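One file, model-v1.txt, is given below (compact mmCIF, C-alpha atoms and all ligand atoms).
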# COMPACT_ATOMS: atom_id res chain seq x y z
CA MET A 10 -81.70 30.38 -210.92
CA PRO A 11 -85.28 29.60 -209.77
CA GLN A 12 -86.85 31.40 -206.83
CA LYS A 13 -86.16 30.18 -203.34
CA ASP A 14 -88.74 27.78 -202.00
CA GLU A 15 -88.71 28.87 -198.37
CA LYS A 16 -92.27 30.34 -198.48
CA LEU A 17 -93.57 26.81 -198.81
CA LEU A 18 -92.94 26.18 -195.12
CA THR A 19 -95.98 26.88 -192.96
CA GLU A 20 -96.59 27.36 -189.28
CA PRO A 21 -97.00 24.19 -187.24
CA SER A 22 -100.36 23.01 -185.96
CA ALA A 23 -101.08 21.02 -182.82
CA CYS A 24 -101.45 17.29 -183.11
CA GLY A 25 -102.70 14.80 -180.55
CA ILE A 26 -100.17 12.11 -179.74
CA ILE A 27 -101.29 8.53 -179.50
CA GLN A 28 -99.50 6.59 -176.80
CA LYS A 29 -97.34 3.58 -177.60
CA SER A 30 -99.96 0.91 -178.00
CA LYS A 31 -98.71 -2.36 -179.29
CA VAL A 32 -95.50 -4.35 -179.33
CA PHE A 33 -95.49 -6.50 -182.43
CA PHE A 34 -93.72 -9.48 -180.91
CA PRO A 35 -92.90 -10.12 -177.29
CA VAL A 36 -89.72 -8.50 -176.04
CA PRO A 37 -88.29 -10.20 -172.94
CA ARG A 38 -87.44 -7.66 -170.27
CA THR A 39 -84.69 -9.60 -168.54
CA GLY A 40 -81.29 -8.02 -168.35
CA VAL A 41 -82.43 -4.46 -168.81
CA HIS A 42 -81.23 -1.72 -166.50
CA GLU A 43 -78.14 -3.57 -165.32
CA GLU A 44 -76.27 -1.32 -162.93
CA ASN A 45 -73.35 -1.00 -165.29
CA PRO A 46 -73.31 2.12 -167.39
CA MET A 47 -70.68 1.71 -170.09
CA ILE A 48 -67.72 3.93 -169.47
CA ASP A 49 -65.10 3.46 -172.16
CA HIS A 50 -61.33 3.40 -171.66
CA TYR A 51 -61.18 7.19 -171.92
CA GLY A 52 -63.87 7.89 -169.34
CA ARG A 53 -66.65 8.60 -171.81
CA LYS A 54 -70.10 7.38 -170.82
CA ILE A 55 -71.72 5.81 -173.87
CA THR A 56 -75.43 6.62 -173.85
CA TYR A 57 -76.35 7.00 -177.51
CA LEU A 58 -76.85 4.38 -180.24
CA ARG A 59 -77.18 5.27 -183.91
CA LEU A 60 -78.80 2.38 -185.73
CA SER A 61 -78.79 2.40 -189.51
CA VAL A 62 -81.72 0.40 -190.83
CA THR A 63 -80.89 0.41 -194.55
CA GLU A 64 -78.06 1.43 -196.89
CA LEU A 65 -80.50 2.29 -199.65
CA CYS A 66 -81.81 5.76 -200.34
CA ASN A 67 -84.27 7.47 -202.65
CA LEU A 68 -81.79 10.34 -203.13
CA ARG A 69 -78.14 10.24 -204.21
CA CYS A 70 -76.46 13.10 -202.34
CA ARG A 71 -73.08 13.70 -203.91
CA TYR A 72 -71.14 13.79 -200.64
CA CYS A 73 -72.87 10.72 -199.28
CA MET A 74 -73.11 8.00 -201.92
CA PRO A 75 -72.14 7.16 -205.49
CA GLU A 76 -74.44 8.06 -208.37
CA ASP A 77 -75.35 4.47 -209.11
CA GLY A 78 -76.43 3.94 -205.51
CA VAL A 79 -75.01 0.98 -203.68
CA CYS A 80 -74.41 -2.56 -204.66
CA LYS A 81 -77.52 -4.02 -203.07
CA LYS A 82 -76.49 -6.64 -200.54
CA ARG A 83 -78.24 -9.96 -200.14
CA HIS A 84 -81.17 -9.97 -197.75
CA GLU A 85 -79.35 -12.53 -195.57
CA GLU A 86 -76.46 -10.11 -195.05
CA MET A 87 -78.64 -7.44 -193.48
CA LEU A 88 -79.90 -7.33 -189.90
CA THR A 89 -83.46 -8.57 -189.51
CA GLN A 90 -86.01 -6.52 -187.62
CA GLU A 91 -85.69 -8.93 -184.70
CA GLU A 92 -81.90 -8.55 -184.66
CA MET A 93 -82.23 -4.77 -184.75
CA ILE A 94 -84.57 -4.81 -181.77
CA ASN A 95 -82.30 -7.25 -179.92
CA ALA A 96 -79.41 -4.85 -180.54
CA VAL A 97 -81.46 -1.98 -179.13
CA ARG A 98 -82.35 -4.09 -176.08
CA ALA A 99 -78.72 -5.01 -175.57
CA ALA A 100 -77.73 -1.36 -175.86
CA ALA A 101 -80.45 -0.33 -173.39
CA SER A 102 -79.20 -2.91 -170.91
CA LEU A 103 -75.78 -1.20 -171.10
CA ASP A 104 -77.44 2.09 -170.14
CA ILE A 105 -77.81 3.51 -173.62
CA ARG A 106 -80.81 5.79 -173.38
CA LYS A 107 -80.97 7.59 -176.71
CA LEU A 108 -81.56 5.85 -180.02
CA ARG A 109 -81.33 7.41 -183.47
CA ILE A 110 -82.72 5.55 -186.46
CA THR A 111 -80.88 6.45 -189.63
CA GLY A 112 -79.82 5.05 -193.02
CA GLY A 113 -79.59 5.22 -196.09
CA GLU A 114 -83.04 6.65 -196.00
CA PRO A 115 -84.88 4.98 -193.12
CA LEU A 116 -88.30 5.96 -194.44
CA ILE A 117 -88.00 3.80 -197.55
CA LYS A 118 -88.10 0.73 -195.31
CA SER A 119 -91.57 -0.76 -195.45
CA ASN A 120 -91.55 -1.72 -191.75
CA ILE A 121 -90.12 1.56 -190.48
CA VAL A 122 -93.13 2.56 -188.36
CA GLU A 123 -93.33 -0.86 -186.72
CA LEU A 124 -89.57 -0.86 -186.12
CA CYS A 125 -89.71 2.55 -184.46
CA GLN A 126 -92.67 1.47 -182.36
CA GLU A 127 -90.84 -1.61 -181.14
CA ALA A 128 -87.66 0.33 -180.47
CA ALA A 129 -89.55 2.98 -178.53
CA ALA A 130 -91.10 0.23 -176.40
CA VAL A 131 -87.71 -1.18 -175.31
CA ASN A 132 -87.26 -0.74 -171.59
CA GLY A 133 -84.59 1.86 -170.91
CA ILE A 134 -84.80 3.69 -174.23
CA GLU A 135 -85.90 7.18 -173.30
CA GLU A 136 -85.75 8.87 -176.65
CA VAL A 137 -86.14 7.65 -180.24
CA CYS A 138 -84.92 10.12 -182.83
CA LEU A 139 -84.80 9.69 -186.59
CA THR A 140 -82.72 11.26 -189.35
CA THR A 141 -84.33 11.57 -192.78
CA ASN A 142 -84.17 13.50 -196.02
CA GLY A 143 -87.81 14.34 -195.35
CA THR A 144 -89.22 13.45 -198.75
CA LEU A 145 -91.48 10.69 -197.39
CA LEU A 146 -92.61 12.58 -194.30
CA PRO A 147 -95.89 13.73 -195.86
CA GLN A 148 -97.13 10.13 -195.48
CA LEU A 149 -95.06 9.13 -192.46
CA ALA A 150 -94.67 12.08 -190.07
CA VAL A 151 -97.84 11.36 -188.10
CA PRO A 152 -97.42 7.54 -187.98
CA LEU A 153 -93.81 7.97 -186.80
CA ARG A 154 -94.83 10.39 -184.08
CA GLN A 155 -97.56 8.01 -183.01
CA ALA A 156 -95.02 5.16 -182.99
CA GLY A 157 -92.96 7.03 -180.39
CA VAL A 158 -90.37 8.94 -182.42
CA SER A 159 -89.95 12.19 -180.51
CA ARG A 160 -87.32 14.06 -182.50
CA LEU A 161 -86.54 14.42 -186.19
CA ASN A 162 -83.43 15.61 -187.98
CA ILE A 163 -84.24 16.54 -191.56
CA SER A 164 -81.46 17.10 -194.08
CA LEU A 165 -81.72 20.22 -196.23
CA ASP A 166 -78.64 21.66 -197.90
CA THR A 167 -80.22 24.39 -200.01
CA LEU A 168 -83.42 26.38 -200.52
CA ASP A 169 -82.90 26.54 -204.25
CA PRO A 170 -84.74 23.89 -206.31
CA GLU A 171 -82.04 23.61 -208.98
CA LYS A 172 -79.26 23.30 -206.44
CA PHE A 173 -81.33 20.75 -204.53
CA ARG A 174 -81.63 18.65 -207.67
CA TYR A 175 -77.88 19.04 -208.26
CA ILE A 176 -76.76 18.01 -204.78
CA THR A 177 -79.22 15.11 -204.44
CA ARG A 178 -78.83 14.17 -208.14
CA VAL A 179 -82.51 13.11 -208.29
CA GLY A 180 -84.53 14.94 -205.63
CA LYS A 181 -87.17 17.68 -205.69
CA LEU A 182 -86.93 20.49 -203.14
CA SER A 183 -90.72 20.68 -202.98
CA ASP A 184 -90.85 17.07 -201.67
CA ALA A 185 -88.41 17.87 -198.85
CA VAL A 186 -90.28 21.08 -198.02
CA SER A 187 -93.61 19.22 -197.94
CA GLY A 188 -91.95 16.78 -195.55
CA ILE A 189 -90.79 19.57 -193.25
CA LYS A 190 -94.32 21.02 -193.30
CA ALA A 191 -95.75 17.63 -192.39
CA ALA A 192 -93.23 17.25 -189.55
CA LEU A 193 -94.08 20.72 -188.21
CA GLY A 194 -97.71 19.69 -188.02
CA ALA A 195 -97.14 16.30 -186.40
CA GLY A 196 -96.18 17.38 -182.88
CA PHE A 197 -92.53 16.28 -182.59
CA ASP A 198 -90.69 17.48 -179.50
CA LYS A 199 -87.88 18.84 -181.66
CA ILE A 200 -87.14 19.27 -185.35
CA LYS A 201 -83.64 20.02 -186.53
CA ILE A 202 -82.69 20.92 -190.08
CA ASN A 203 -79.24 19.50 -190.94
CA THR A 204 -77.27 21.41 -193.55
CA VAL A 205 -73.90 20.14 -194.75
CA LEU A 206 -71.72 23.21 -195.28
CA ILE A 207 -70.19 23.06 -198.74
CA GLY A 208 -67.90 25.87 -199.89
CA GLY A 209 -68.96 27.27 -203.27
CA PHE A 210 -72.29 25.48 -203.07
CA ASN A 211 -74.34 26.73 -200.13
CA ASP A 212 -72.14 29.14 -198.15
CA ALA A 213 -74.02 32.06 -199.73
CA GLU A 214 -77.26 30.58 -198.36
CA ILE A 215 -76.14 30.57 -194.72
CA PRO A 216 -78.28 33.67 -193.87
CA ALA A 217 -81.42 32.30 -195.57
CA LEU A 218 -81.06 28.85 -194.01
CA ALA A 219 -80.30 30.31 -190.56
CA ALA A 220 -83.35 32.59 -190.87
CA LEU A 221 -85.58 29.50 -190.83
CA THR A 222 -85.02 29.53 -187.05
CA GLN A 223 -86.69 32.94 -186.86
CA ARG A 224 -89.75 31.84 -188.81
CA TYR A 225 -90.30 28.29 -187.58
CA PRO A 226 -89.74 26.35 -184.35
CA VAL A 227 -86.75 24.47 -185.70
CA ASP A 228 -83.03 24.36 -185.03
CA VAL A 229 -80.75 24.68 -188.06
CA ARG A 230 -77.43 22.87 -187.78
CA PHE A 231 -74.52 23.49 -190.08
CA ILE A 232 -72.28 20.42 -190.30
CA GLU A 233 -68.80 20.47 -191.78
CA LEU A 234 -68.44 18.34 -194.88
CA MET A 235 -66.56 15.18 -193.94
CA PRO A 236 -64.08 13.70 -196.42
CA MET A 237 -65.47 10.20 -196.70
CA TYR A 238 -64.17 7.34 -198.77
CA ASP A 239 -66.10 8.42 -201.88
CA SER A 240 -67.54 11.90 -201.28
CA GLY A 241 -66.13 12.36 -204.70
CA ASP A 242 -67.12 15.56 -206.48
CA PHE A 243 -65.71 18.06 -204.02
CA GLY A 244 -62.33 19.75 -204.14
CA PRO A 245 -60.45 21.28 -201.20
CA ASP A 246 -62.43 24.55 -201.36
CA ALA A 247 -65.64 22.72 -200.50
CA PHE A 248 -64.28 21.83 -197.04
CA ILE A 249 -65.02 25.02 -195.14
CA PRO A 250 -64.89 25.37 -191.34
CA TYR A 251 -67.90 26.10 -189.13
CA THR A 252 -66.44 29.55 -188.37
CA VAL A 253 -67.71 30.62 -191.80
CA VAL A 254 -71.16 30.68 -190.17
CA THR A 255 -70.14 32.86 -187.22
CA ASP A 256 -68.23 35.15 -189.59
CA THR A 257 -71.27 35.44 -191.87
CA LEU A 258 -73.71 36.02 -189.01
CA PRO A 259 -72.08 38.38 -186.47
CA GLU A 260 -75.52 38.86 -184.87
CA LEU A 261 -75.39 35.30 -183.48
CA THR A 262 -75.20 35.08 -179.70
CA PRO A 263 -74.15 31.95 -177.81
CA ALA A 264 -77.01 29.79 -176.53
CA PRO A 265 -76.90 27.38 -173.57
CA ALA A 266 -75.39 23.98 -174.41
CA ASP A 267 -77.81 21.05 -174.59
CA GLY A 268 -75.36 18.21 -174.04
CA GLY A 269 -74.98 17.48 -177.75
CA VAL A 270 -71.96 17.95 -179.98
CA ALA A 271 -73.14 21.18 -181.61
CA LYS A 272 -71.94 24.59 -180.48
CA LEU A 273 -75.20 26.48 -180.05
CA TYR A 274 -76.05 30.04 -181.05
CA ARG A 275 -79.19 32.05 -181.61
CA LEU A 276 -80.32 34.76 -183.98
CA PRO A 277 -82.32 37.67 -182.55
CA ASP A 278 -86.01 36.76 -181.99
CA ALA A 279 -85.40 33.19 -183.11
CA LYS A 280 -87.64 30.27 -182.19
CA GLY A 281 -84.80 27.76 -182.51
CA ASN A 282 -81.04 27.52 -182.22
CA ILE A 283 -78.28 27.51 -184.78
CA GLY A 284 -75.98 24.52 -184.16
CA LEU A 285 -72.46 24.31 -185.52
CA ILE A 286 -70.92 20.87 -185.81
CA SER A 287 -67.22 20.69 -186.49
CA PRO A 288 -66.02 17.10 -186.94
CA VAL A 289 -63.19 18.28 -189.19
CA SER A 290 -61.87 21.59 -187.87
CA ALA A 291 -62.45 21.03 -184.14
CA HIS A 292 -63.19 17.42 -183.33
CA PHE A 293 -65.33 16.59 -180.31
CA CYS A 294 -64.06 13.05 -179.70
CA THR A 295 -63.54 13.72 -175.97
CA GLU A 296 -67.31 14.21 -175.67
CA CYS A 297 -68.29 11.36 -177.99
CA ASN A 298 -71.01 9.35 -176.25
CA ARG A 299 -72.13 7.29 -179.25
CA ILE A 300 -71.80 3.95 -180.86
CA ARG A 301 -73.08 2.97 -184.31
CA ILE A 302 -74.59 -0.16 -185.80
CA THR A 303 -74.81 -0.47 -189.56
CA ALA A 304 -77.69 -2.04 -191.46
CA ASP A 305 -75.49 -5.05 -192.26
CA GLY A 306 -74.85 -5.60 -188.59
CA LYS A 307 -71.44 -4.07 -187.95
CA ILE A 308 -70.82 -2.18 -184.74
CA LYS A 309 -68.65 0.83 -185.51
CA PRO A 310 -67.04 2.10 -182.30
CA CYS A 311 -65.87 5.20 -184.21
CA LEU A 312 -67.36 6.80 -187.32
CA HIS A 313 -64.00 7.33 -189.00
CA SER A 314 -62.27 4.10 -188.07
CA SER A 315 -62.23 0.98 -190.23
CA ASP A 316 -62.82 -1.15 -187.11
CA GLU A 317 -66.09 -3.06 -187.31
CA ILE A 318 -67.44 -5.85 -185.14
CA SER A 319 -70.22 -8.02 -186.53
CA ILE A 320 -73.40 -8.85 -184.63
CA LYS A 321 -75.16 -10.46 -187.60
CA GLY A 322 -76.57 -13.85 -186.57
CA LEU A 323 -75.83 -13.39 -182.85
CA ASP A 324 -78.40 -14.04 -180.15
CA TYR A 325 -79.25 -11.46 -177.51
CA GLY A 326 -76.60 -12.55 -175.00
CA GLN A 327 -73.87 -12.66 -177.61
CA MET A 328 -74.91 -9.24 -178.86
CA LEU A 329 -74.72 -7.82 -175.36
CA GLU A 330 -71.16 -9.07 -174.88
CA THR A 331 -70.10 -7.94 -178.35
CA LEU A 332 -71.53 -4.49 -177.78
CA ARG A 333 -69.71 -4.27 -174.45
CA THR A 334 -66.42 -5.26 -176.11
CA ALA A 335 -66.99 -2.77 -178.93
CA ILE A 336 -67.61 0.09 -176.52
CA LEU A 337 -64.40 -0.74 -174.68
CA SER A 338 -62.50 -0.70 -177.98
CA LYS A 339 -63.64 2.83 -178.86
CA PRO A 340 -60.57 4.82 -179.92
CA ARG A 341 -59.59 8.08 -178.22
CA TRP A 342 -60.14 10.14 -181.38
CA HIS A 343 -60.88 9.68 -185.04
CA GLY A 344 -57.49 10.83 -186.26
CA GLU A 345 -56.66 13.67 -188.58
CA LEU A 346 -59.44 14.53 -191.06
CA SER A 347 -58.96 16.85 -194.01
CA TYR A 348 -59.30 16.91 -197.76
CA SER A 349 -56.04 15.01 -198.07
CA GLU A 350 -56.37 12.88 -194.92
CA ARG A 351 -59.70 11.21 -195.61
CA SER A 352 -61.81 9.20 -193.23
CA ARG A 353 -60.46 5.73 -192.49
CA ALA A 354 -64.03 4.38 -192.52
CA ASN A 355 -64.11 2.04 -195.46
CA ARG A 356 -67.70 2.99 -196.24
CA ASN A 357 -69.63 5.90 -197.58
CA MET A 358 -71.96 7.71 -195.21
CA ASN A 359 -75.10 6.01 -196.54
CA GLN A 360 -73.58 2.72 -195.35
CA ILE A 361 -72.93 4.09 -191.87
CA GLY A 362 -75.80 6.45 -191.15
CA GLY A 363 -74.02 9.72 -190.44
N1 LIG A 401 -81.11 9.77 -195.55
C1 LIG A 401 -81.09 10.44 -194.29
C2 LIG A 401 -80.75 11.90 -194.46
O1 LIG A 401 -80.63 12.36 -195.59
O2 LIG A 401 -80.65 12.59 -193.45
C3 LIG A 401 -80.23 9.78 -193.23
C4 LIG A 401 -78.89 9.26 -193.61
S1 LIG A 401 -77.67 10.49 -193.98
C5 LIG A 401 -76.27 9.44 -194.22
C6 LIG A 401 -77.40 11.20 -192.38
C7 LIG A 401 -76.70 12.54 -192.39
O3 LIG A 401 -75.38 12.38 -192.83
C8 LIG A 401 -77.35 13.59 -193.27
O4 LIG A 401 -77.64 14.75 -192.52
C9 LIG A 401 -76.28 13.87 -194.30
O5 LIG A 401 -76.32 15.18 -194.76
C10 LIG A 401 -75.02 13.57 -193.52
N2 LIG A 401 -73.85 13.30 -194.35
C11 LIG A 401 -73.71 12.38 -195.31
N3 LIG A 401 -72.48 12.42 -195.87
C12 LIG A 401 -71.82 13.42 -195.23
C13 LIG A 401 -70.51 13.97 -195.33
N4 LIG A 401 -69.62 13.51 -196.23
N5 LIG A 401 -70.18 14.98 -194.50
C14 LIG A 401 -71.06 15.46 -193.59
N6 LIG A 401 -72.31 15.00 -193.44
C15 LIG A 401 -72.69 13.98 -194.25

For the structure just supplied, provide its representation as structure tokens.
Ligand code: SAM
Amino acid sequence: MPQKDEKLLTEPSACGIIQKSKVFFPVPRTGVHEENPMIDHYGRKITYLRLSVTELCNLRCRYCMPEDGVCKKRHEEMLTQEEMINAVRAAASLDIRKLRITGGEPLIKSNIVELCQEAAAVNGIEEVCLTTNGTLLPQLAVPLRQAGVSRLNISLDTLDPEKFRYITRVGKLSDAVSGIKAALGAGFDKIKINTVLIGGFNDAEIPALAALTQRYPVDVRFIELMPMYDSGDFGPDAFIPYTVVTDTLPELTPAPADGGVAKLYRLPDAKGNIGLISPVSAHFCTECNRIRITADGKIKPCLHSSDEISIKGLDYGQMLETLRTAILSKPRWHGELSYSERSRANRNMNQIGG
């Protein structure tokens, strides 16, 4: 096996942040900040929208999408930039404060910086975060930060170049590492490394991945592999619980919760936290505060449900009402999830956004 590539990561440098400057087309402000935070039928306050901006990706992660990519949909089937921004405005008017841009790979979208800038300018949106595989961050980290993205989640499942190529089918570890370096230098408020825990693939790398939090100001989050519709190549042994991390790292101590779904821990002398996310072994549906919109304009009230409500072609007012209805239809929990009881979402993760 080749040498680990972790030395490629460097210390961050300071970077001046340019304020939001320009909205690319006028965004009416009416209707924002209605006094009606959305509480669903189970008492959960919905404050977080995950917006997928494309199904396409420049990698082909084995647990996320099929090898031949996706059947590219017609342009007319996908949300336009204006519809995406209208959806964000509608969400903000229902008291959603946090927005995550995801995909597919959001950074392959040619208008991604403009989209983020417009989204960050929507009244009521307090935080724009973005999830990426990192490979295009060398060009885009600074423009995204300048556009108003404050937090990045960067996926990284291994520090081994051969294993990286295997899991992504086409990617180069050095591209992802260069992206993380670029992000560290671009002045984001927070950078999290997302690692999908895969038994027999990266469980032996838990100490090396966790140690990134001691060397760099990043959080590392281990996420249980979710049995999606077509996360094909993995047998039952790949689905390991988050407790593998606490068993492997007895030196972890609990860290204060930050309101997210991860259980937080810290290594001695670390600069960032270790987050453990357990959608399979210990679901957190009672704390779920999120709603998703796919790139083809389907609201998904629950990640693992087949329920979808379309907003494609709707105007702002119709979107607002549809979003309200969708939030009220959010199920209590996502149902049993295991190797044999797979997600009821009729999509792979690249078509939802994670
Ligand atoms: N392309 C971006 C990326 O790689 O982060 C954003 C989209 S990706 C669908 C978002 C997140 O979903 C990634 O962190 C990825 O690892 C995670 N993901 C995809 N399929 C998964 C699965 N079956 N189980 C757990 N996490 C998964």

Residue nearest A:Ile200 - candidates A:Glu136, A:Tyr274, A:Gly281, A:Tyr251, atoms counted: only C-alpha atoms: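 Nearest candidate to A:Ile200 out of A:Glu136, A:Tyr274, A:Gly281, A:Tyr251: A:Gly281.
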
Dump the neighbourhood of ligand LIG 401 (chain A) as a PyMOL selection string: all residues within 9 Å, distances computed on all atoms listed in the file. chain A and resi 61+64-68+70-74+110-116+139-143+162-166+202-206+232-240+288+357-363

Just to confirm, what's the straight-line distance from atom CA of A:Lys118 to atom CA of A:Ser159 in Å (one decimal)?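 These two atoms are separated by 18.8 Å.
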
Distance of atom CA of A:Val254 from atom CA of A:Leu182, expressed in Å to one decimal place: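 We find that atom CA of A:Leu182 and atom CA of A:Val254 lie 22.8 Å from each other.
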
Residues of stretch 253-350 of chain A within 6 Å of stretch 216-228 of chain A: nearest atom pair and distance (Å, one decimal) for each, counting all atoms listed in the file, sorted by chain and number, as a Markdown table?
| residue | atom | partner | partner_atom | distance |
| --- | --- | --- | --- | --- |
| A:Ala279 | CA | A:Gln223 | CA | 4.0 |
| A:Lys280 | CA | A:Pro226 | CA | 4.9 |
| A:Gly281 | CA | A:Asp228 | CA | 4.6 |
| A:Asn282 | CA | A:Asp228 | CA | 4.7 |
| A:Ile283 | CA | A:Asp228 | CA | 5.7 |

Distance in Å - atom CA of A:Ser119 versus atom CA of A:Pro152: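 Interatomic distance here is 12.6 Å.
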
Min atom-atom distance to A:Ala101 from the set A:Leu58, A:Ser338, A:Ser315, A:Gly209, counting all atoms listed in the file, belongs to A:Leu58

Tell me which protein, DNA and RNA residues are within 8 Å of A:Thr262, counting only C-alpha atoms, leaving out same-chain ones fewer than 2 positions away, and put them as an MDAnalysis selection string. chainID A and resid 260 264 274:276

A:Leu337 environment, 8 Å, all atoms listed in the file, sequence neighbours closer than 6 positions dropped, as a ChimeraX atom specification: /A:48-50

So, counting all atoms listed in the file, which residue among A:Ser347, A:Gln327, A:Thr303, A:Asn132 is closest to A:Glu86? A:Thr303

Nearest to A:Ala100: which of A:Gly326, A:Gly196, A:Pro259, A:Gly344 is it, counting only C-alpha atoms? A:Gly326

Tell me which of A:Tyr348, A:Leu108, A:Ile300, A:Leu145 sits closest to A:Ala129, counting only C-alpha atoms.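 Going through A:Tyr348, A:Leu108, A:Ile300, A:Leu145 one by one, the smallest distance to A:Ala129 is for A:Leu108.
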
Rank nothing, just name the residue among A:Glu123, A:Glu171, A:Glu345, A:Glu350 nearest to A:Ala291, using all atoms listed in the file.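 Comparing A:Glu123, A:Glu171, A:Glu345, A:Glu350 against A:Ala291, the winner is A:Glu345.
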
For A:Leu103, find every residue with an atom within 12 Å (counting only C-alpha atoms), except residues of its own chain fewer than 3 positions away, and show them as number ranges by chain. A: 40-49, 54-58, 96-100, 106-107, 132-134, 300, 328-337

Radius query 9 Å about (-63.9, 9.9, -187.4), atoms used: only C-alpha atoms, as a count of residues only: 17
